[in-house]
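Content type compact mmCIF, C-alpha atoms and all ligand atoms, from the file entry-v1.txt:
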```
# COMPACT_ATOMS: atom_id res chain seq x y z
CA MET A 70 -75.13 29.72 86.68
CA ASP A 71 -71.78 29.40 88.38
CA LYS A 72 -69.28 31.87 87.11
CA ILE A 73 -66.06 30.12 86.25
CA GLU A 74 -63.03 32.06 87.36
CA LYS A 75 -61.01 33.08 84.32
CA LYS A 76 -57.31 32.31 84.32
CA ASP A 77 -54.86 35.16 84.76
CA ILE A 78 -53.05 35.08 81.43
CA LYS A 79 -50.71 38.01 82.16
CA SER A 80 -49.13 36.10 85.05
CA MET A 81 -48.24 33.10 82.85
CA THR A 82 -44.79 32.27 81.55
CA LEU A 83 -44.29 31.76 77.82
CA GLU A 84 -44.13 28.00 78.35
CA GLU A 85 -47.37 27.96 80.31
CA MET A 86 -49.08 30.13 77.75
CA THR A 87 -47.96 27.92 74.90
CA GLU A 88 -49.41 24.88 76.66
CA GLU A 89 -52.68 26.71 77.28
CA ILE A 90 -53.03 27.66 73.63
CA LYS A 91 -52.35 24.11 72.55
CA GLY A 92 -55.03 23.08 75.01
CA LEU A 93 -57.45 25.35 73.17
CA GLY A 94 -56.66 23.37 70.03
CA ASP A 95 -54.46 26.01 68.42
CA LYS A 96 -50.84 25.98 67.33
CA GLY A 97 -48.18 26.41 70.01
CA PHE A 98 -46.47 29.33 68.28
CA ARG A 99 -49.60 31.39 68.88
CA GLY A 100 -48.57 31.32 72.53
CA LYS A 101 -45.50 33.35 71.73
CA GLN A 102 -47.50 35.81 69.65
CA ILE A 103 -49.94 36.34 72.50
CA TYR A 104 -47.11 36.61 75.01
CA GLN A 105 -45.50 39.34 72.94
CA TRP A 106 -48.79 41.20 72.56
CA ILE A 107 -49.16 41.20 76.32
CA HIS A 108 -45.59 41.78 77.50
CA GLN A 109 -43.94 43.66 74.61
CA LYS A 110 -46.68 45.54 72.82
CA LEU A 111 -48.47 45.96 76.14
CA ALA A 112 -51.93 45.19 74.78
CA ASP A 113 -54.82 45.86 77.16
CA SER A 114 -57.36 43.91 75.18
CA PHE A 115 -57.48 40.66 73.21
CA ASP A 116 -59.09 42.67 70.41
CA ASP A 117 -55.80 44.48 69.86
CA MET A 118 -54.14 41.20 68.88
CA THR A 119 -54.78 41.67 65.19
CA ASN A 120 -52.62 38.83 63.90
CA LEU A 121 -54.82 36.28 65.68
CA SER A 122 -58.00 34.94 64.17
CA LYS A 123 -61.29 36.29 65.47
CA GLY A 124 -62.14 32.81 66.69
CA LEU A 125 -59.01 32.56 68.81
CA ARG A 126 -59.50 36.04 70.22
CA GLU A 127 -63.03 35.03 71.18
CA LYS A 128 -61.74 31.90 72.93
CA LEU A 129 -59.15 33.95 74.77
CA ARG A 130 -61.81 36.38 75.96
CA GLU A 131 -63.96 33.53 77.20
CA ASN A 132 -61.23 31.74 79.09
CA TYR A 133 -58.77 34.32 80.30
CA GLU A 134 -58.55 37.49 82.29
CA LEU A 135 -56.20 40.12 80.85
CA THR A 136 -55.31 42.17 83.92
CA SER A 137 -55.19 45.87 83.21
CA LEU A 138 -54.89 48.52 85.91
CA LYS A 139 -57.08 51.59 85.78
CA LEU A 140 -55.24 54.88 85.93
CA LEU A 141 -57.10 56.86 88.59
CA ASP A 142 -54.75 59.75 89.14
CA VAL A 143 -51.28 60.96 88.31
CA LYS A 144 -49.45 63.78 90.06
CA VAL A 145 -46.53 65.33 88.22
CA SER A 146 -43.72 67.15 89.97
CA ALA A 147 -43.01 70.59 88.56
CA ILE A 148 -39.49 70.32 90.00
CA ASP A 149 -38.09 67.15 88.45
CA GLY A 150 -40.86 65.48 86.45
CA THR A 151 -41.40 62.67 88.96
CA ARG A 152 -44.83 61.15 88.47
CA LYS A 153 -46.91 59.51 91.20
CA TYR A 154 -49.59 57.17 89.96
CA LEU A 155 -52.70 55.89 91.61
CA PHE A 156 -54.13 52.74 90.02
CA GLY A 157 -57.42 50.96 90.56
CA LEU A 158 -57.56 47.15 90.70
CA LYS A 159 -60.45 45.02 89.51
CA ASP A 160 -61.73 44.42 93.03
CA GLY A 161 -61.83 48.14 93.87
CA ASN A 162 -58.53 48.25 95.76
CA VAL A 163 -56.11 51.03 94.91
CA ILE A 164 -52.32 51.02 94.77
CA GLU A 165 -49.63 53.55 93.98
CA SER A 166 -46.45 53.57 91.92
CA VAL A 167 -43.83 56.21 91.18
CA TRP A 168 -41.91 57.06 87.99
CA MET A 169 -38.59 58.87 88.34
CA GLN A 170 -36.22 60.20 85.72
CA TYR A 171 -32.50 59.80 86.28
CA LYS A 172 -29.53 60.44 84.04
CA HIS A 173 -29.09 56.70 83.58
CA GLY A 174 -32.73 56.11 82.63
CA ASN A 175 -36.25 55.94 83.95
CA SER A 176 -37.02 54.09 87.12
CA VAL A 177 -40.37 52.82 88.40
CA CYS A 178 -41.09 52.08 92.04
CA ILE A 179 -43.88 49.51 92.33
CA SER A 180 -46.11 48.21 95.09
CA SER A 181 -46.07 44.49 95.85
CA GLN A 182 -49.11 44.26 98.12
CA VAL A 183 -52.26 46.24 98.90
CA GLY A 184 -51.27 47.60 102.30
CA CYS A 185 -48.73 45.73 104.40
CA ARG A 186 -48.69 43.71 107.61
CA MET A 187 -45.12 44.37 108.70
CA GLY A 188 -46.05 47.30 110.93
CA CYS A 189 -42.94 49.49 110.60
CA ARG A 190 -43.68 52.42 112.86
CA PHE A 191 -42.79 55.22 110.45
CA CYS A 192 -44.46 53.78 107.36
CA ALA A 193 -47.88 54.85 106.04
CA SER A 194 -48.42 51.68 103.98
CA THR A 195 -48.92 49.53 107.02
CA LEU A 196 -51.37 51.65 109.01
CA ASP A 197 -54.44 49.68 107.85
CA GLY A 198 -52.66 46.34 107.65
CA LEU A 199 -52.59 44.04 104.66
CA ALA A 200 -55.57 43.87 102.29
CA ARG A 201 -54.07 41.32 99.90
CA ASN A 202 -51.11 40.29 97.82
CA LEU A 203 -50.70 41.63 94.30
CA THR A 204 -50.57 39.10 91.48
CA PRO A 205 -47.54 39.04 89.16
CA ALA A 206 -49.79 40.62 86.50
CA GLU A 207 -50.71 43.49 88.82
CA MET A 208 -47.05 44.11 89.61
CA LEU A 209 -46.11 44.06 85.93
CA ASP A 210 -48.99 46.22 84.83
CA GLN A 211 -47.87 49.12 87.03
CA ILE A 212 -44.77 49.25 84.82
CA TYR A 213 -46.67 48.62 81.58
CA GLN A 214 -49.24 51.35 82.19
CA ILE A 215 -46.55 53.82 83.19
CA GLN A 216 -44.44 53.05 80.14
CA LYS A 217 -47.48 53.66 77.96
CA ASP A 218 -48.45 56.85 79.78
CA THR A 219 -44.98 58.37 79.57
CA ASP A 220 -44.18 56.86 76.17
CA GLN A 221 -40.66 56.27 77.47
CA ARG A 222 -38.82 53.08 78.16
CA VAL A 223 -38.52 51.98 81.78
CA SER A 224 -34.98 50.81 82.46
CA ASN A 225 -34.96 50.24 86.23
CA VAL A 226 -37.52 48.80 88.58
CA VAL A 227 -37.46 49.03 92.35
CA VAL A 228 -39.86 46.98 94.45
CA MET A 229 -39.95 49.60 97.16
CA GLY A 230 -43.52 50.81 97.10
CA SER A 231 -46.25 49.64 99.45
CA GLY A 232 -46.02 46.11 100.74
CA GLU A 233 -43.37 43.63 101.74
CA PRO A 234 -42.24 41.77 98.61
CA MET A 235 -40.85 38.80 100.56
CA ASP A 236 -44.28 38.37 102.15
CA ASN A 237 -45.57 37.76 98.61
CA TYR A 238 -42.64 35.59 97.64
CA LEU A 239 -43.90 33.33 94.84
CA ASN A 240 -45.61 36.17 92.99
CA LEU A 241 -42.48 38.29 93.38
CA VAL A 242 -40.21 35.68 91.83
CA ARG A 243 -42.61 35.05 88.98
CA PHE A 244 -42.88 38.81 88.40
CA ILE A 245 -39.08 39.15 88.19
CA ARG A 246 -38.84 36.33 85.66
CA LEU A 247 -41.62 37.74 83.48
CA LEU A 248 -40.16 41.25 83.58
CA GLY A 249 -36.80 39.96 82.43
CA SER A 250 -38.07 37.66 79.70
CA GLU A 251 -36.73 38.37 76.24
CA ASN A 252 -40.20 38.26 74.75
CA GLY A 253 -41.32 40.84 77.27
CA LEU A 254 -39.82 44.16 78.35
CA ASN A 255 -36.52 42.34 78.80
CA ILE A 256 -35.52 44.40 81.82
CA SER A 257 -32.27 42.99 83.09
CA GLN A 258 -32.36 41.50 86.57
CA ARG A 259 -29.43 43.72 87.44
CA SER A 260 -31.72 46.68 86.92
CA ILE A 261 -34.25 45.37 89.44
CA THR A 262 -33.99 46.05 93.17
CA VAL A 263 -36.05 44.26 95.79
CA SER A 264 -36.32 45.96 99.15
CA THR A 265 -37.20 43.97 102.26
CA CYS A 266 -37.66 44.70 105.92
CA GLY A 267 -35.71 41.50 106.57
CA LEU A 268 -37.56 38.20 106.26
CA ALA A 269 -34.48 36.05 106.73
CA PRO A 270 -35.83 32.70 105.40
CA GLU A 271 -37.12 34.31 102.21
CA ILE A 272 -33.83 36.16 101.67
CA ARG A 273 -32.09 32.78 101.85
CA LYS A 274 -34.62 31.30 99.43
CA LEU A 275 -34.15 34.17 96.98
CA ALA A 276 -30.41 33.58 97.10
CA GLU A 277 -31.05 30.10 95.66
CA GLU A 278 -33.33 31.14 92.79
CA GLY A 279 -30.52 31.78 90.34
CA LEU A 280 -31.60 35.41 89.94
CA SER A 281 -29.34 38.44 90.02
CA VAL A 282 -31.51 41.21 91.34
CA THR A 283 -30.14 43.72 93.81
CA LEU A 284 -31.24 43.15 97.39
CA ALA A 285 -31.90 46.15 99.60
CA LEU A 286 -32.30 45.58 103.31
CA SER A 287 -34.26 48.09 105.37
CA LEU A 288 -31.92 48.26 108.32
CA HIS A 289 -32.84 51.54 110.04
CA ALA A 290 -30.92 50.74 113.23
CA PRO A 291 -27.46 49.59 114.26
CA ASN A 292 -28.69 47.11 116.89
CA ASP A 293 -31.71 44.95 117.70
CA GLN A 294 -32.80 47.10 120.60
CA VAL A 295 -33.35 50.25 118.51
CA ARG A 296 -34.55 48.25 115.53
CA LYS A 297 -37.30 46.65 117.62
CA THR A 298 -38.70 50.09 118.49
CA LEU A 299 -39.06 50.89 114.78
CA MET A 300 -39.78 47.54 113.14
CA PRO A 301 -41.82 44.70 114.68
CA ILE A 302 -40.08 42.20 112.34
CA ALA A 303 -36.90 42.78 114.38
CA GLY A 304 -38.60 40.84 117.19
CA LYS A 305 -38.85 37.83 114.90
CA TYR A 306 -35.47 37.87 113.17
CA SER A 307 -32.41 39.27 114.88
CA LEU A 308 -29.91 41.39 112.98
CA LYS A 309 -27.51 38.49 113.21
CA GLU A 310 -29.94 36.20 111.40
CA VAL A 311 -30.90 38.79 108.79
CA LEU A 312 -27.35 39.88 108.03
CA SER A 313 -26.23 36.30 107.76
CA ALA A 314 -29.01 35.70 105.21
CA CYS A 315 -27.83 38.83 103.32
CA SER A 316 -24.27 37.49 103.29
CA GLN A 317 -25.55 34.27 101.80
CA TYR A 318 -27.34 36.36 99.17
CA TYR A 319 -24.11 38.13 98.31
CA GLU A 320 -22.12 34.88 98.23
CA LYS A 321 -24.61 33.23 95.90
CA THR A 322 -25.34 36.12 93.55
CA GLY A 323 -22.26 38.31 93.74
CA ARG A 324 -24.60 41.29 93.93
CA ARG A 325 -23.51 44.05 96.28
CA LEU A 326 -26.08 44.79 98.95
CA THR A 327 -27.87 48.03 99.69
CA PHE A 328 -28.71 48.97 103.27
CA GLU A 329 -31.47 51.49 103.69
CA TYR A 330 -31.34 53.61 106.78
CA SER A 331 -34.13 56.11 107.44
CA LEU A 332 -32.87 58.74 109.86
CA VAL A 333 -35.27 59.65 112.65
CA LYS A 334 -34.34 62.52 114.89
CA GLY A 335 -33.26 61.38 118.33
CA VAL A 336 -34.04 57.72 117.59
CA ASN A 337 -31.28 56.33 115.36
CA ASP A 338 -29.27 59.29 114.11
CA ASN A 339 -26.40 60.06 116.49
CA LYS A 340 -22.71 59.61 115.76
CA GLU A 341 -22.34 56.69 118.15
CA GLU A 342 -25.07 54.89 116.20
CA ALA A 343 -23.25 55.67 112.96
CA ARG A 344 -20.10 54.05 114.38
CA GLU A 345 -22.06 51.05 115.59
CA LEU A 346 -23.60 50.70 112.14
CA ALA A 347 -20.20 50.91 110.49
CA HIS A 348 -18.92 48.05 112.66
CA LEU A 349 -22.04 46.02 112.04
CA ILE A 350 -21.76 46.02 108.25
CA LYS A 351 -18.09 46.60 107.57
CA HIS A 352 -17.57 43.12 106.12
CA MET A 353 -20.84 43.04 104.25
CA HIS A 354 -20.04 44.18 100.69
CA GLY A 355 -22.69 46.83 100.60
CA HIS A 356 -23.38 50.51 100.69
CA VAL A 357 -25.75 52.58 102.77
CA ASN A 358 -28.62 54.66 101.49
CA LEU A 359 -29.49 57.32 104.04
CA ILE A 360 -33.07 58.56 103.91
CA PRO A 361 -34.16 61.41 106.20
CA VAL A 362 -37.43 59.95 107.46
CA ASN A 363 -40.51 61.32 105.76
CA PRO A 364 -42.87 62.15 108.62
CA ILE A 365 -46.43 60.82 108.50
CA LYS A 366 -49.20 62.56 110.37
CA GLU A 367 -50.27 59.41 112.26
CA ARG A 368 -46.90 59.23 114.06
CA ASP A 369 -44.73 61.80 115.74
CA TYR A 370 -41.38 60.82 114.27
CA VAL A 371 -39.28 63.79 113.21
CA GLN A 372 -36.82 63.98 110.35
CA SER A 373 -33.15 64.31 111.29
CA ASN A 374 -31.78 67.70 110.43
CA GLN A 375 -29.34 68.18 107.58
CA ARG A 376 -26.37 68.49 109.88
CA SER A 377 -26.99 65.19 111.63
CA VAL A 378 -27.50 63.50 108.28
CA ALA A 379 -24.21 64.88 106.97
CA GLU A 380 -22.38 63.89 110.16
CA PHE A 381 -23.84 60.40 110.10
CA GLN A 382 -22.67 60.01 106.51
CA LYS A 383 -19.21 61.31 107.38
CA VAL A 384 -18.75 58.80 110.19
CA LEU A 385 -19.71 55.91 107.90
CA GLU A 386 -17.28 57.11 105.26
CA LYS A 387 -14.53 57.46 107.84
CA TYR A 388 -14.91 53.73 108.45
CA GLY A 389 -14.73 53.05 104.73
CA ILE A 390 -18.42 52.53 104.16
CA ASN A 391 -19.88 54.08 101.08
CA ALA A 392 -22.99 56.08 102.00
CA THR A 393 -25.25 58.28 99.93
CA VAL A 394 -28.09 60.50 101.04
CA ARG A 395 -31.09 59.70 98.94
CA ARG A 396 -32.09 62.64 96.81
CA GLU A 397 -35.68 63.48 97.39
CA MET A 398 -37.60 63.14 94.15
CA GLY A 399 -40.85 64.92 93.44
CA ARG A 400 -40.59 67.00 96.57
CA ASP A 401 -43.67 69.05 95.67
CA ILE A 402 -45.89 65.99 95.17
CA ASN A 403 -44.20 63.98 97.81
CA GLY A 404 -45.62 61.93 100.55
CA ALA A 405 -44.04 58.90 102.13
CA CYS A 406 -44.75 55.40 100.89
CA GLY A 407 -48.47 54.75 100.83
CA GLN A 408 -49.60 58.29 101.51
CA LEU A 409 -51.12 59.01 98.12
CA ARG A 410 -53.28 55.92 98.50
CA ARG A 411 -54.27 56.88 102.03
CA SER A 412 -55.22 60.41 101.09
CA TYR A 413 -57.30 59.02 98.22
CA LEU A 414 -59.11 56.60 100.52
CA GLU A 415 -59.69 59.26 103.16
CA GLU A 416 -61.14 61.60 100.57
CA LYS A 417 -63.44 58.88 99.30
CA GLU A 418 -64.63 58.17 102.81
CA GLY A 419 -65.31 61.88 103.32
CA GLY A 420 -62.42 62.33 105.74
CA ALA A 421 -60.10 65.30 105.73
CA ASN A 422 -57.62 65.34 102.88
CA GLU A 423 -54.83 67.24 104.51
CA SER A 424 -51.58 67.81 102.81
CA MET A 425 -49.36 64.89 103.68
CA CYS A 426 -46.21 66.76 102.98
CA ASN A 427 -44.67 67.94 106.19
CA ASP A 428 -41.40 69.17 104.92
N1 LIG A 501 -41.37 46.45 102.70
C1 LIG A 501 -40.17 46.76 102.01
C2 LIG A 501 -40.32 47.73 100.86
C3 LIG A 501 -41.22 48.92 101.00
S1 LIG A 501 -40.70 50.35 101.83
C4 LIG A 501 -39.09 47.25 102.99
O1 LIG A 501 -39.39 47.34 104.16
O2 LIG A 501 -37.96 47.44 102.58
C5 LIG A 501 -39.30 51.02 101.02
C6 LIG A 501 -38.37 51.73 101.96
O3 LIG A 501 -38.91 52.95 102.45
C7 LIG A 501 -38.03 50.90 103.19
O4 LIG A 501 -36.68 51.04 103.51
C8 LIG A 501 -38.90 51.56 104.25
O5 LIG A 501 -38.43 51.27 105.53
C9 LIG A 501 -38.78 53.01 103.86
N2 LIG A 501 -39.83 53.88 104.38
C10 LIG A 501 -41.13 53.63 104.57
N3 LIG A 501 -41.76 54.70 105.08
C11 LIG A 501 -40.83 55.65 105.21
C12 LIG A 501 -40.87 56.98 105.70
N4 LIG A 501 -41.98 57.53 106.16
N5 LIG A 501 -39.70 57.68 105.69
C13 LIG A 501 -38.55 57.14 105.23
N6 LIG A 501 -38.47 55.89 104.77
C14 LIG A 501 -39.59 55.15 104.77
```
Let me see the file written as structure tokens.
Amino acid sequence: MDKIEKKDIKSMTLEEMTEEIKGLGDKGFRGKQIYQWIHQKLADSFDDMTNLSKGLREKLRENYELTSLKLLDVKVSAIDGTRKYLFGLKDGNVIESVWMQYKHGNSVCISSQVGCRMGCRFCASTLDGLARNLTPAEMLDQIYQIQKDTDQRVSNVVVMGSGEPMDNYLNLVRFIRLLGSENGLNISQRSITVSTCGLAPEIRKLAEEGLSVTLALSLHAPNDQVRKTLMPIAGKYSLKEVLSACSQYYEKTGRRLTFEYSLVKGVNDNKEEARELAHLIKHMHGHVNLIPVNPIKERDYVQSNQRSVAEFQKVLEKYGINATVRREMGRDINGACGQLRRSYLEEKEGGANESMCND
């Protein structure tokens, strides 16, 4: 017998869900009840939905898939309580997410794809290429499972884990809308940051969605020449094109931009490059996040030393550009983006499970 693919109910909007439930011959308001069970009470099973009749629950089970990630591992930092999660997906893929505590609330960093095809030279997520996109439900459930595990409200979400969110555009936009819905976790769009390596057309599209999420651009170089050595995407879209798309984003949303700049010793971290960067973005309404690169064993990039980082920051500030050095969270359990997943896969395949932490 052919197995009919069940519909992904956790990726549906309230309106879609209401229509579905009517289609099953039930009352529309049940749609809202189910939506709240899934997105507010964070139910992992239709059986938990106790205010629905048994018959309806049975119909839901027959027709719909309720995506729920499997918690495979969590590493907790003894220094600052940062938690790194490894989740299993239904098809056997694994992804990672991070939970961080700040004074202003708890923040979750989620993955948007399994692997990544952007090929940034310093990034561990891209070493095996892209396996597949994550569904909106799989993006949401990273947050839901973490909120349940910590028993604390998540107030900020950053799409800065593995994957390129703009390469999974439609699922990303749907995810943002579901996360902000008032019958869900109701996380304000202003508390969501989407980080991109710079897919200019998608940045322009996002500017037109009527959303107000913060856009972070992974810049990592003050000119195309250096950027091309670090990020293949720089060969496709020039800085001029990407920055112009970012300006459009600012004009449309009024949201100040974030520029991420990972400092690699001897590659992009001298004072002249800091000056060049300052000139490049001085009219851009944004601030710079400096990240000393987190070395991965597959590449020989070296982290800039503290002095160069401080000098780089000073030059930017001299030109009136606000720059912060990103505080390293969970230093003891740290690994760069995608490294927890890689070490898990290597272990499973019987490969060496070396410590990924080089600093
Ligand atoms: N694909 C998106 C989001 C994922 S990466 C993007 O490119 O923005 C999140 C940020 O971490 C990006 O700025 C990325 O360039 C940076 N990053 C990845 N690996 C890193 C490493 N080993 N050291 C420092 N920053 C890294």
| task | Select the residues contacting ligand LIG 501 (chain A) at a distance of at most 9 Å, based on all atoms listed in the file, then format the selection as a PyMOL selection string. | result | chain A and resi 180-181+185+187+189-194+228-236+263-267+285-289+300+328-333+360-365+370+372+404-408
With a distance cut-off of 10 Å and all atoms listed in the file, select the neighbouring residues of Arg152 of chain A, excluding the residue or stretch itself and same-chain residues fewer than 6 positions from it, and output the selection as a compact mmCIF listing (two decimals) with C-alpha atoms, in the frame of the given file.
```txt
# COMPACT_ATOMS: atom_id res chain seq x y z
CA VAL A 143 -51.28 60.96 88.31
CA LYS A 144 -49.45 63.78 90.06
CA VAL A 145 -46.53 65.33 88.22
CA SER A 146 -43.72 67.15 89.97
CA SER A 166 -46.45 53.57 91.92
CA VAL A 167 -43.83 56.21 91.18
CA TRP A 168 -41.91 57.06 87.99
CA MET A 169 -38.59 58.87 88.34
CA GLN A 170 -36.22 60.20 85.72
CA VAL A 177 -40.37 52.82 88.40
CA ILE A 215 -46.55 53.82 83.19
CA THR A 219 -44.98 58.37 79.57
CA MET A 398 -37.60 63.14 94.15
CA GLY A 399 -40.85 64.92 93.44
CA ILE A 402 -45.89 65.99 95.17
CA ASN A 403 -44.20 63.98 97.81
```
| field | atom CA of Glu386 of chain A to atom CA of His356 of chain A, straight-line distance in Å | value |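 Distance between the two atoms: 10.1 Å.
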| query | Pick from A:Asn358, A:Ser412, A:Thr195, A:Ser80: nearest to Pro301 of chain A, with all atoms listed in the file counted? | reply |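 Among A:Asn358, A:Ser412, A:Thr195, A:Ser80, it is A:Thr195 that comes nearest to Pro301 of chain A.
The space separating atom CA of Glu415 of chain A from atom CA of Glu165 of chain A comes to 14.8 Å.
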| note | For Leu409 of chain A, the closest of A:Ile302, A:Leu93, A:Val384, A:Ile164 counting only C-alpha atoms is A:Ile164
Considering all atoms listed in the file, give me a table of residues in segment 323-428 of chain A that are at most 12 Å from segment 247-259 of chain A, with the closest atom pair and distance in Å for each, as a tab-separated table.
```
residue	atom	partner	partner_atom	distance
A:Gly323	CA	A:Arg259	CA	11.0
A:Arg324	CA	A:Arg259	CA	8.4
A:Arg325	CA	A:Arg259	CA	10.6
```
| remark: Expressed in Å, the length from atom CA of Gln214 of chain A to atom CA of Asp113 of chain A is 9.3 Å
| All residues 9 Å or closer to Tyr306 of chain A, all atoms listed in the file, same chain fewer than 3 positions away omitted, as a ChimeraX atom specification | /A:267-269,302-303,309-311
| task | Write out as a ChimeraX atom specification the residues lying within 10 Å of Lys340 of chain A, counting all atoms listed in the file and excluding same-chain residues fewer than 6 positions away. | result | /A:346,377-378,380-385
| query | Using only C-alpha atoms, can you list as a list in words the residues within 10 Å of (-24.9, 38.6, 100.5)? | reply | Ile272, Arg273, Ala276, Thr283, Leu284, Leu312, Ser313, Ala314, Cys315, Ser316, Gln317, Tyr318, Tyr319, Glu320, Lys321, Thr322, Gly323, Arg324, Arg325, Leu326, Thr327, Met353, His354 and Gly355 of chain A
| Closest of A:Lys153, A:Thr87, A:Ala347, A:Asn292 to Gly304 of chain A - atom-to-atom distances counting only C-alpha atoms |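 The shortest atom-to-atom distance to Gly304 of chain A comes from A:Asn292.
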Which residues, protein or nucleic acid, reach to within 9 Å of (-48.5, 42.0, 85.8) in the file's coordinates when using only C-alpha atoms, and can you give that as a PDB file with C-alpha atoms, keeping the file's coordinate frame?
```
ATOM      1  CA  LYS A  79     -50.710  38.010  82.160  1.00  0.00           C
ATOM      2  CA  SER A  80     -49.130  36.100  85.050  1.00  0.00           C
ATOM      3  CA  HIS A 108     -45.590  41.780  77.500  1.00  0.00           C
ATOM      4  CA  THR A 136     -55.310  42.170  83.920  1.00  0.00           C
ATOM      5  CA  SER A 137     -55.190  45.870  83.210  1.00  0.00           C
ATOM      6  CA  LEU A 203     -50.700  41.630  94.300  1.00  0.00           C
ATOM      7  CA  THR A 204     -50.570  39.100  91.480  1.00  0.00           C
ATOM      8  CA  PRO A 205     -47.540  39.040  89.160  1.00  0.00           C
ATOM      9  CA  ALA A 206     -49.790  40.620  86.500  1.00  0.00           C
ATOM     10  CA  GLU A 207     -50.710  43.490  88.820  1.00  0.00           C
ATOM     11  CA  MET A 208     -47.050  44.110  89.610  1.00  0.00           C
ATOM     12  CA  LEU A 209     -46.110  44.060  85.930  1.00  0.00           C
ATOM     13  CA  ASP A 210     -48.990  46.220  84.830  1.00  0.00           C
ATOM     14  CA  GLN A 211     -47.870  49.120  87.030  1.00  0.00           C
ATOM     15  CA  ILE A 212     -44.770  49.250  84.820  1.00  0.00           C
ATOM     16  CA  TYR A 213     -46.670  48.620  81.580  1.00  0.00           C
ATOM     17  CA  PHE A 244     -42.880  38.810  88.400  1.00  0.00           C
ATOM     18  CA  LEU A 247     -41.620  37.740  83.480  1.00  0.00           C
ATOM     19  CA  LEU A 248     -40.160  41.250  83.580  1.00  0.00           C
TER      20      LEU A 248
END
```
